[in-house]
>>> print(open('run05.txt').read())   # compact mmCIF, C-alpha atoms
# COMPACT_ATOMS: atom_id res chain seq x y z
CA MET A 160 -7.97 2.81 -5.52
CA LYS A 161 -6.34 -0.55 -6.07
CA ARG A 162 -8.20 -2.60 -3.49
CA ARG A 163 -8.97 -6.24 -4.18
CA LEU A 164 -11.00 -7.95 -1.47
CA LEU A 165 -12.81 -11.26 -1.15
CA LEU A 166 -15.23 -11.12 1.79
CA VAL A 167 -16.82 -14.46 2.64
CA SER A 168 -19.85 -14.91 4.89
CA ASN A 169 -18.72 -18.23 6.37
CA SER A 170 -15.95 -20.75 5.82
CA THR A 171 -17.98 -23.93 6.03
CA LEU A 172 -21.36 -24.46 4.43
CA HIS A 173 -23.63 -27.16 5.85
CA GLY A 174 -23.05 -30.40 4.01
CA SER A 175 -19.72 -29.52 2.39
CA GLY A 176 -16.07 -29.27 3.44
CA TYR A 177 -13.90 -26.32 4.47
CA LEU A 178 -14.23 -23.47 1.98
CA ASP A 179 -15.60 -25.91 -0.61
CA HIS A 180 -18.42 -23.54 -1.43
CA CYS A 181 -16.02 -20.82 -2.55
CA GLN A 182 -12.89 -22.80 -3.49
CA GLN A 183 -12.93 -21.76 -7.13
CA HIS A 184 -13.46 -18.10 -6.28
CA ILE A 185 -10.49 -18.21 -3.87
CA SER A 186 -8.20 -19.85 -6.42
CA HIS A 187 -9.21 -17.31 -9.02
CA PHE A 188 -8.91 -14.40 -6.56
CA PHE A 189 -5.33 -15.14 -5.50
CA GLY A 190 -4.27 -16.52 -8.88
CA LYS A 191 -1.33 -18.77 -9.66
CA ASP A 192 1.39 -16.23 -8.92
CA VAL A 193 0.71 -15.71 -5.20
CA LYS A 194 3.46 -17.49 -3.27
CA ARG A 195 2.77 -16.35 0.30
CA ILE A 196 -0.35 -15.55 2.30
CA LEU A 197 -0.26 -13.60 5.56
CA PHE A 198 -2.69 -15.40 7.87
CA VAL A 199 -4.00 -13.45 10.88
CA PRO A 200 -4.79 -15.97 13.66
CA TYR A 201 -5.90 -13.40 16.27
CA ALA A 202 -9.57 -14.41 16.34
CA LEU A 203 -9.06 -17.70 18.15
CA HIS A 204 -7.31 -18.28 21.47
CA ASP A 205 -4.77 -20.92 20.42
CA ARG A 206 -2.99 -19.12 17.60
CA ASP A 207 -0.43 -21.83 16.82
CA ALA A 208 -3.06 -24.52 16.47
CA TYR A 209 -5.25 -22.21 14.43
CA THR A 210 -2.41 -21.33 12.07
CA LYS A 211 -1.56 -25.00 11.65
CA THR A 212 -5.16 -25.82 10.86
CA ALA A 213 -5.38 -22.98 8.39
CA ARG A 214 -2.12 -23.99 6.73
CA ASP A 215 -3.05 -27.68 6.58
CA LYS A 216 -6.60 -27.36 5.48
CA PHE A 217 -6.93 -23.79 4.23
CA LYS A 218 -9.65 -23.51 6.83
CA THR A 219 -11.40 -20.45 8.30
CA LEU A 220 -9.22 -17.71 6.86
CA GLY A 221 -9.98 -14.86 9.21
CA GLY A 222 -12.84 -16.52 11.04
CA GLY A 223 -13.25 -16.77 14.83
CA ASN A 224 -14.37 -14.11 17.28
CA THR A 225 -14.64 -10.61 15.82
CA PHE A 226 -13.97 -8.76 19.11
CA ARG A 227 -10.85 -10.79 19.81
CA LEU A 228 -9.61 -10.29 16.24
CA LEU A 229 -10.14 -6.51 16.20
CA LYS A 230 -8.65 -6.02 19.67
CA SER A 231 -5.50 -7.90 18.66
CA LEU A 232 -5.22 -5.92 15.44
CA TYR A 233 -5.24 -2.75 17.57
CA ASP A 234 -2.96 -4.19 20.27
CA ASN A 235 -0.44 -5.11 17.59
CA LYS A 236 -0.89 -1.73 15.85
CA VAL A 237 -1.53 -3.21 12.40
CA VAL A 238 -4.94 -1.71 11.53
CA THR A 239 -3.51 1.31 9.70
CA GLU A 240 -0.78 -0.72 8.02
CA ILE A 241 -3.23 -3.29 6.65
CA ARG A 242 -5.48 -0.49 5.37
CA ARG A 243 -2.52 1.20 3.65
CA ARG A 244 -1.18 -1.98 2.06
CA VAL A 245 -4.60 -3.03 0.75
CA LEU A 246 -5.89 0.36 -0.43
CA GLU A 247 -2.63 1.87 -1.70
CA ASP A 248 -0.48 -1.09 -2.70
CA GLY A 249 -3.28 -3.38 -3.88
CA VAL A 250 -2.33 -6.34 -1.67
CA PRO A 251 -5.30 -8.76 -1.94
CA TYR A 252 -7.32 -9.22 1.27
CA MET A 253 -9.50 -12.20 2.00
CA GLY A 254 -11.63 -12.63 5.11
CA SER A 255 -14.37 -14.96 6.26
CA SER A 256 -16.90 -14.19 8.99
CA ALA A 257 -14.85 -12.25 11.61
CA GLY A 258 -12.29 -11.47 8.91
CA THR A 259 -15.10 -9.99 6.84
CA ASN A 260 -16.43 -7.89 9.73
CA VAL A 261 -13.06 -6.28 10.47
CA ALA A 262 -12.62 -5.36 6.79
CA THR A 263 -15.65 -3.03 6.87
CA VAL A 264 -16.40 0.35 8.48
CA SER A 265 -16.99 -1.09 11.95
CA ILE A 266 -17.79 -4.30 13.81
CA ASN A 267 -21.15 -2.94 14.99
CA THR A 268 -22.95 -5.59 12.94
CA THR A 269 -21.10 -8.74 14.02
CA ASN A 270 -23.04 -11.67 15.47
CA ASP A 271 -20.27 -12.56 17.89
CA MET A 272 -20.29 -12.45 21.67
CA PRO A 273 -18.32 -9.44 23.02
CA ILE A 274 -15.80 -11.57 24.95
CA VAL A 275 -13.10 -8.86 25.01
CA TYR A 276 -13.23 -5.03 24.87
CA PRO A 277 -11.46 -3.52 21.85
CA PRO A 278 -10.34 0.15 22.04
CA SER A 279 -12.89 1.01 19.34
CA PHE A 280 -15.54 -0.68 17.20
CA SER A 281 -14.11 1.12 14.13
CA ALA A 282 -12.51 -1.45 11.86
CA ILE A 283 -10.01 -1.49 8.98
CA GLY A 284 -12.41 0.32 6.66
CA LEU A 285 -11.61 -1.32 3.36
CA VAL A 286 -15.19 -0.71 2.14
CA PRO A 287 -17.60 2.17 2.97
CA PHE A 288 -20.34 -0.09 4.37
CA ASN A 289 -20.84 -2.78 7.01
CA ILE A 290 -21.52 -6.48 6.55
CA ASN A 291 -23.55 -8.90 8.64
CA PRO A 292 -22.06 -12.34 7.89
CA HIS A 293 -24.00 -15.58 8.42
CA TYR A 294 -27.11 -13.50 7.62
CA LEU A 295 -30.26 -15.37 8.65
CA ASP A 296 -33.73 -14.70 7.31
CA THR A 297 -36.49 -14.52 9.91
CA ASP A 298 -37.91 -17.94 10.70
CA PRO A 299 -41.70 -17.59 11.13
CA ASN A 300 -41.79 -20.94 12.94
CA SER A 301 -39.18 -20.10 15.57
CA ARG A 302 -40.29 -20.23 19.18
CA HIS A 303 -37.20 -18.36 20.36
CA MET A 304 -37.94 -14.81 21.49
CA GLY A 305 -34.55 -13.18 20.88
CA GLU A 306 -34.49 -10.39 18.27
CA THR A 307 -34.36 -11.44 14.63
CA ARG A 308 -31.37 -10.42 12.56
CA GLU A 309 -33.52 -7.88 10.74
CA GLN A 310 -34.60 -6.31 14.05
CA ARG A 311 -30.99 -6.06 15.19
CA ILE A 312 -29.85 -4.31 12.03
CA THR A 313 -32.89 -2.00 12.24
CA GLN A 314 -31.84 -1.08 15.80
CA TYR A 315 -28.36 -0.28 14.49
CA HIS A 316 -29.86 2.05 11.88
CA GLU A 317 -31.73 3.97 14.59
CA GLU A 318 -28.32 5.36 15.56
CA ALA A 319 -27.00 8.46 13.77
CA ASP A 320 -24.64 8.27 10.77
CA THR A 321 -24.69 4.52 10.40
CA PRO A 322 -23.62 3.04 7.04
CA CYS A 323 -25.49 0.54 4.88
CA VAL A 324 -25.36 -3.07 6.04
CA LEU A 325 -25.04 -5.97 3.64
CA GLY A 326 -26.64 -9.12 5.10
CA LEU A 327 -24.44 -11.81 3.54
CA ARG A 328 -26.10 -15.22 3.75
CA GLU A 329 -24.04 -18.33 4.40
CA GLY A 330 -22.75 -19.46 1.02
CA SER A 331 -22.35 -15.90 -0.29
CA LEU A 332 -19.23 -13.85 -0.80
CA LEU A 333 -18.41 -10.38 -2.03
CA LEU A 334 -15.63 -9.67 -4.50
CA VAL A 335 -14.42 -6.07 -4.41
CA GLU A 336 -12.19 -4.78 -7.20
CA GLY A 337 -11.45 -1.06 -7.05
CA ASN A 338 -14.85 0.63 -6.89
CA LYS A 339 -16.79 -2.39 -8.14
CA ALA A 340 -18.35 -5.00 -5.85
CA THR A 341 -19.70 -8.29 -7.20
CA LEU A 342 -21.86 -10.70 -5.24
CA LEU A 343 -20.80 -14.32 -5.73
CA GLY A 344 -22.08 -17.64 -4.40
CA THR A 345 -25.50 -19.20 -4.47
CA THR A 346 -27.53 -17.73 -1.61
CA LYS A 347 -27.52 -13.99 -2.35
CA ALA A 348 -27.56 -11.12 0.14
CA ARG A 349 -29.86 -8.44 1.53
CA LEU A 350 -28.94 -4.75 1.64
CA PHE A 351 -30.21 -2.59 4.51
CA SER A 352 -29.95 1.19 4.37
CA ARG A 353 -30.70 3.67 7.11
CA MET B 123 -25.61 -7.09 51.88
CA LYS B 124 -29.25 -6.20 51.41
CA ARG B 125 -29.56 -6.84 47.68
CA ARG B 126 -32.84 -8.15 46.27
CA LEU B 127 -32.78 -8.86 42.55
CA LEU B 128 -35.08 -10.58 40.09
CA LEU B 129 -33.19 -11.35 36.89
CA VAL B 130 -35.37 -12.64 34.07
CA SER B 131 -34.09 -14.33 30.91
CA ASN B 132 -36.78 -12.95 28.63
CA SER B 133 -39.99 -10.97 28.96
CA THR B 134 -42.16 -12.94 26.55
CA LEU B 135 -42.27 -16.71 26.34
CA HIS B 136 -43.49 -18.29 23.13
CA GLY B 137 -47.23 -18.93 23.36
CA SER B 138 -47.98 -16.65 26.30
CA GLY B 139 -48.39 -12.92 26.93
CA TYR B 140 -46.02 -10.28 28.26
CA LEU B 141 -44.33 -11.43 31.46
CA ASP B 142 -47.06 -14.05 31.90
CA HIS B 143 -44.50 -16.72 32.61
CA CYS B 144 -43.16 -14.86 35.66
CA GLN B 145 -46.13 -12.71 36.68
CA GLN B 146 -46.56 -14.33 40.07
CA HIS B 147 -42.86 -14.09 40.86
CA ILE B 148 -42.90 -10.39 39.98
CA SER B 149 -45.93 -9.66 42.17
CA HIS B 150 -44.37 -11.53 45.03
CA PHE B 151 -40.97 -9.90 44.49
CA PHE B 152 -42.24 -6.31 44.63
CA GLY B 153 -45.00 -7.04 47.14
CA LYS B 154 -48.12 -4.99 47.84
CA ASP B 155 -46.34 -2.03 49.42
CA VAL B 156 -44.32 -0.88 46.42
CA LYS B 157 -45.93 2.28 45.05
CA ARG B 158 -43.41 3.42 42.45
CA ILE B 159 -41.10 1.65 40.02
CA LEU B 160 -38.19 3.39 38.31
CA PHE B 161 -38.24 2.15 34.72
CA VAL B 162 -35.02 2.55 32.70
CA PRO B 163 -35.99 2.89 29.02
CA TYR B 164 -32.42 3.34 27.68
CA ALA B 165 -32.26 0.06 25.78
CA LEU B 166 -34.63 1.05 23.01
CA HIS B 167 -34.40 4.06 20.71
CA ASP B 168 -37.82 5.62 21.30
CA ARG B 169 -37.79 6.04 25.06
CA ASP B 170 -41.19 7.73 25.41
CA ALA B 171 -42.97 5.02 23.48
CA TYR B 172 -41.07 2.34 25.35
CA THR B 173 -41.97 3.83 28.72
CA LYS B 174 -45.60 4.10 27.70
CA THR B 175 -45.64 0.48 26.61
CA ALA B 176 -43.98 -0.62 29.81
CA ARG B 177 -46.40 1.41 31.92
CA ASP B 178 -49.45 0.21 30.00
CA LYS B 179 -48.59 -3.41 29.71
CA PHE B 180 -45.81 -3.98 32.21
CA LYS B 181 -43.85 -5.17 29.21
CA THR B 182 -40.13 -5.82 28.77
CA LEU B 183 -38.83 -4.30 32.00
CA GLY B 184 -35.22 -3.62 31.15
CA GLY B 185 -35.19 -5.48 27.83
CA GLY B 186 -33.88 -4.10 24.54
CA ASN B 187 -30.29 -3.72 23.36
CA THR B 188 -27.67 -4.33 26.04
CA PHE B 189 -24.99 -2.07 24.50
CA ARG B 190 -27.39 0.84 24.17
CA LEU B 191 -28.65 0.33 27.74
CA LEU B 192 -25.17 0.18 29.31
CA LYS B 193 -23.86 3.12 27.28
CA SER B 194 -26.79 5.28 28.42
CA LEU B 195 -26.31 4.21 32.03
CA TYR B 196 -22.70 5.45 31.77
CA ASP B 197 -23.61 8.58 29.77
CA ASN B 198 -26.13 9.50 32.47
CA LYS B 199 -23.67 8.61 35.25
CA VAL B 200 -26.07 6.31 37.11
CA VAL B 201 -24.12 3.03 37.22
CA THR B 202 -22.54 3.71 40.62
CA GLU B 203 -25.72 5.17 42.06
CA ILE B 204 -27.83 2.14 41.06
CA ARG B 205 -25.20 -0.18 42.54
CA ARG B 206 -25.17 1.78 45.82
CA ARG B 207 -28.95 1.96 46.12
CA VAL B 208 -29.41 -1.75 45.43
CA LEU B 209 -26.50 -3.13 47.45
CA GLU B 210 -26.54 -0.70 50.39
CA ASP B 211 -30.16 0.49 50.63
CA GLY B 212 -31.82 -2.72 49.49
CA VAL B 213 -33.88 -1.13 46.70
CA PRO B 214 -35.29 -4.09 44.70
CA TYR B 215 -33.94 -4.43 41.15
CA MET B 216 -35.68 -6.28 38.38
CA GLY B 217 -34.31 -6.78 34.87
CA SER B 218 -35.19 -8.86 31.85
CA SER B 219 -32.76 -9.79 29.06
CA ALA B 220 -30.63 -6.61 28.60
CA GLY B 221 -31.67 -5.51 32.10
CA THR B 222 -30.35 -8.82 33.39
CA ASN B 223 -27.04 -8.48 31.53
CA VAL B 224 -26.29 -5.02 32.93
CA ALA B 225 -26.97 -6.24 36.50
CA THR B 226 -24.03 -8.69 36.35
CA VAL B 227 -20.23 -8.31 36.33
CA SER B 228 -20.04 -7.37 32.66
CA ILE B 229 -21.95 -7.50 29.39
CA ASN B 230 -19.36 -9.80 27.80
CA THR B 231 -21.97 -12.57 27.55
CA THR B 232 -24.86 -10.71 25.94
CA ASN B 233 -26.38 -12.01 22.69
CA ASP B 234 -27.04 -8.52 21.38
CA MET B 235 -25.53 -6.79 18.38
CA PRO B 236 -22.90 -4.17 19.42
CA ILE B 237 -24.77 -1.25 17.80
CA VAL B 238 -23.12 1.41 20.02
CA TYR B 239 -19.75 1.56 21.84
CA PRO B 240 -20.04 1.86 25.63
CA PRO B 241 -17.03 3.25 27.59
CA SER B 242 -16.56 -0.17 29.20
CA PHE B 243 -18.10 -3.64 29.16
CA SER B 244 -18.09 -3.64 32.99
CA ALA B 245 -21.65 -3.48 34.23
CA ILE B 246 -23.46 -2.60 37.48
CA GLY B 247 -22.04 -5.63 39.28
CA LEU B 248 -24.98 -6.59 41.48
CA VAL B 249 -23.88 -10.25 41.41
CA PRO B 250 -20.35 -11.75 41.15
CA PHE B 251 -21.05 -13.74 37.97
CA ASN B 252 -22.30 -13.20 34.43
CA ILE B 253 -25.55 -14.32 32.84
CA ASN B 254 -26.34 -15.36 29.29
CA PRO B 255 -30.09 -14.68 28.87
CA HIS B 256 -32.20 -16.43 26.21
CA TYR B 257 -29.81 -19.36 26.65
CA LEU B 258 -30.16 -21.82 23.78
CA ASP B 259 -29.09 -25.45 23.86
CA THR B 260 -27.18 -26.68 20.83
CA ASP B 261 -29.53 -27.87 18.07
CA PRO B 262 -27.99 -30.97 16.48
CA ASN B 263 -30.25 -30.51 13.44
CA SER B 264 -29.24 -26.94 12.70
CA ARG B 265 -27.71 -26.27 9.30
CA HIS B 266 -26.47 -22.84 10.35
CA MET B 267 -22.70 -22.68 10.81
CA GLY B 268 -22.44 -19.82 13.33
CA GLU B 269 -20.97 -20.72 16.73
CA THR B 270 -23.31 -22.37 19.24
CA ARG B 271 -24.02 -20.59 22.50
CA GLU B 272 -21.86 -23.11 24.33
CA GLN B 273 -18.93 -22.41 21.98
CA ARG B 274 -19.29 -18.67 22.52
CA ILE B 275 -19.24 -18.98 26.31
CA THR B 276 -16.27 -21.36 26.06
CA GLN B 277 -14.42 -18.73 24.01
CA TYR B 278 -15.18 -16.18 26.73
CA HIS B 279 -13.68 -18.49 29.34
CA GLU B 280 -10.45 -18.74 27.34
CA GLU B 281 -9.82 -15.16 28.48
CA ALA B 282 -8.11 -14.56 31.85
CA ASP B 283 -10.06 -13.86 35.06
CA THR B 284 -13.51 -14.40 33.62
CA PRO B 285 -16.37 -15.13 36.03
CA CYS B 286 -18.86 -17.99 35.92
CA VAL B 287 -21.66 -17.65 33.38
CA LEU B 288 -25.21 -18.74 34.09
CA GLY B 289 -26.99 -19.75 30.88
CA LEU B 290 -30.57 -18.74 31.72
CA ARG B 291 -33.04 -20.41 29.36
CA GLU B 292 -36.14 -18.58 28.18
CA GLY B 293 -38.74 -19.08 30.88
CA SER B 294 -36.19 -19.02 33.73
CA LEU B 295 -35.45 -16.31 36.24
CA LEU B 296 -33.07 -15.86 39.12
CA LEU B 297 -34.16 -14.48 42.48
CA VAL B 298 -31.26 -13.06 44.51
CA GLU B 299 -31.80 -12.26 48.19
CA GLY B 300 -28.67 -11.24 50.06
CA ASN B 301 -26.13 -13.99 49.43
CA LYS B 302 -28.72 -16.55 48.32
CA ALA B 303 -29.76 -17.11 44.69
CA THR B 304 -32.79 -19.20 43.77
CA LEU B 305 -33.57 -20.42 40.26
CA LEU B 306 -37.26 -20.01 39.39
CA GLY B 307 -39.33 -20.82 36.34
CA THR B 308 -39.79 -24.02 34.36
CA THR B 309 -36.85 -24.35 31.99
CA LYS B 310 -33.83 -24.38 34.32
CA ALA B 311 -30.36 -23.00 33.60
CA ARG B 312 -26.83 -24.17 32.85
CA LEU B 313 -23.78 -22.98 34.80
CA PHE B 314 -20.43 -22.60 33.02
CA SER B 315 -17.22 -22.11 34.97
CA ARG B 316 -13.79 -21.29 33.61
>>> encode(input="run05.txt", output="structure tokens")
Amino acid sequence: MKRRLLLVSNSTLHGSGYLDHCQQHISHFFGKDVKRILFVPYALHDRDAYTKTARDKFKTLGGGNTFRLLKSLYDNKVVTEIRRRVLEDGVPYMGSSAGTNVATVSINTTNDMPIVYPPSFSAIGLVPFNINPHYLDTDPNSRHMGETREQRITQYHEEADTPCVLGLREGSLLLVEGNKATLLGTTKARLFSR
Amino acid sequence: MKRRLLLVSNSTLHGSGYLDHCQQHISHFFGKDVKRILFVPYALHDRDAYTKTARDKFKTLGGGNTFRLLKSLYDNKVVTEIRRRVLEDGVPYMGSSAGTNVATVSINTTNDMPIVYPPSFSAIGLVPFNINPHYLDTDPNSRHMGETREQRITQYHEEADTPCVLGLREGSLLLVEGNKATLLGTTKARLFSR
């Protein structure tokens, strides 16, 4: 399997500029010979503005709303084609946040609001596990009573046949080359299994 | 329309016990003559334990995971029946968190993780608007780069034909009697329109 993926938790890290925290990894991942990048702007509403921003500033490559992104990938019938090109032809894939979620088994572990209804939660399936981007450790001082991220992922694992979930903290990214995955960045990750 | 609904943002408020913050409203809402309450335990995995907890402690009535709750309502074919009983027969409905989300137009504005795939995001439709429970104001000191609640609801309103969204802060609840809705509790709410 030829796959080469770079799956980023988040595009902007507090206190630094767009993709600053993983700039070197991105340059190294694509290399000097890459002339063109296919940018998928489906995750935000104004696609032209989003594409311009991405082109100008190399901003949130694949970020935005996960439900909107996956629904548009299905509506435009490109899910299978992206999977084929990445897994069989070795076309490099990079995603951040929403773009990371859609690269995995399913979007069941996104943090996003379900603003649109995709025909399935199954995603492109470039790796055999799920990712929770922007992973947040439990804050013992929080007064908010919503479920913690850990509780949410535990609820997911109460369902049958659910894959492992990698909680990728902001500042972390995963480099996948063939059957090898390497965790990069400074903040590490947490792996949840059923 | 006979509907009588009590839609609670959250069952537990930081620093107080289960449903303490709305205990009086609940007693008043159901009144002295109500002998039996139908509790819907679909939103958590272990339904027996959840029912026992709810019976013992009058805990999170209708809380849990919104996707799991709505999927089970559809799987058990009770969505239409609950709507009919509440809107036509005037059976009182009370929900908290997930139980509040499923009472509205759709679950598009839940905060929960999409751990299961319901056949639709359309919900019971007891009111003609959506609610975002556990509503959180933007924290200007946050270092986390995920979207704020306001940004998420704004993204929802970029979609066509989306209803108003009531951001119900923890500690708030909405009493609906016929065509009149009254905001109760101490923390107020924020109304977003498209």
>>> closest_residue(input="run05.txt", among="A:Gln182, A:Ser255, A:Ser279, A:Asn260", to="chain B", atoms="all atoms listed in the file")
A:Ser279
>>> closest_residue(input="run05.txt", among="B:Val201, B:Leu135, B:Leu295, B:Ala311", to="chain A", atoms="all atoms listed in the file")
B:Leu135
>>> closest_atom_pairs(input="run05.txt", of="chain A", to="chain B", cutoff="6 Å", atoms="all atoms listed in the file", output="Markdown table")
| residue | atom | partner | partner_atom | distance |
| --- | --- | --- | --- | --- |
| A:His173 | CA | B:Arg265 | CA | 5.4 |
| A:Asn267 | CA | B:Ile237 | CA | 4.9 |
| A:Pro273 | CA | B:Asn230 | CA | 4.9 |
| A:Ile274 | CA | B:Asn230 | CA | 4.9 |
| A:Arg302 | CA | B:His136 | CA | 5.4 |
| A:Tyr315 | CA | B:Ile237 | CA | 5.0 |
>>> closest_residue(input="run05.txt", among="B:Arg177, B:Leu248, B:Leu306, B:Pro163", to="B:Gly212", atoms="all atoms listed in the file")
B:Leu248
>>> atom_distance(input="run05.txt", atom1="atom CA of A:Leu333", atom2="atom CA of A:Asp192")
21.8 Å
>>> atom_distance(input="run05.txt", atom1="atom CA of A:Arg353", atom2="atom CA of A:Phe288")
11.4 Å
>>> residues_around(input="run05.txt", residues="stretch 240-248 of chain A", least_positions_apart="5", cutoff="9 Å", atoms="all atoms listed in the file", output="PyMOL selection string")
chain A and resi 160-164+262+283-285+337
>>> residues_near_point(input="run05.txt", point="(-29.4, -2.1, 5.9)", cutoff="6 Å", atoms="all atoms listed in the file", output="list of chain:residue names")
A:Cys323, A:Val324, A:Leu350, A:Phe351, A:Ser352
>>> atom_distance(input="run05.txt", atom1="atom CA of A:Val237", atom2="atom CA of A:Leu178")
26.1 Å
>>> closest_residue(input="run05.txt", among="A:Ala202, A:Leu165, A:Ala282, A:Ile290", to="A:Ile185", atoms="all atoms listed in the file")
A:Leu165
>>> decode(input="run05.txt", residues="stretch 252-286 of chain B", atoms="C-alpha atoms", output="short mmCIF file (atom, residue, chain, number, x, y, z; two decimals), in the first residue's frame")
data_model
loop_
_atom_site.label_atom_id
_atom_site.label_comp_id
_atom_site.auth_asym_id
_atom_site.auth_seq_id
_atom_site.Cartn_x
_atom_site.Cartn_y
_atom_site.Cartn_z
CA ASN B 252 -33.96 24.45 17.50
CA ILE B 253 -32.16 24.60 20.83
CA ASN B 254 -28.48 24.47 21.66
CA PRO B 255 -28.33 23.17 25.27
CA HIS B 256 -25.31 23.77 27.53
CA TYR B 257 -24.86 27.02 25.59
CA LEU B 258 -21.42 28.49 26.21
CA ASP B 259 -20.44 32.11 25.67
CA THR B 260 -17.16 32.69 23.87
CA ASP B 261 -14.22 32.70 26.29
CA PRO B 262 -11.78 35.41 25.16
CA ASN B 263 -9.04 33.80 27.25
CA SER B 264 -9.33 30.34 25.73
CA ARG B 265 -6.24 28.96 24.02
CA HIS B 266 -8.20 26.18 22.34
CA MET B 267 -8.63 26.69 18.60
CA GLY B 268 -11.85 24.74 18.01
CA GLU B 269 -14.84 26.76 16.77
CA THR B 270 -16.81 28.70 19.39
CA ARG B 271 -20.45 27.83 19.93
CA GLU B 272 -21.45 31.05 18.19
CA GLN B 273 -19.35 30.15 15.13
CA ARG B 274 -20.94 26.70 14.97
CA ILE B 275 -24.49 28.07 15.07
CA THR B 276 -23.53 30.68 12.46
CA GLN B 277 -22.28 27.87 10.20
CA TYR B 278 -25.63 26.11 10.67
CA HIS B 279 -27.45 29.26 9.58
CA GLU B 280 -25.42 29.39 6.36
CA GLU B 281 -27.51 26.41 5.26
CA ALA B 282 -30.89 27.04 3.58
CA ASP B 283 -34.19 27.00 5.49
CA THR B 284 -32.71 26.62 8.95
CA PRO B 285 -34.86 27.59 11.94
CA CYS B 286 -33.98 29.90 14.81
#
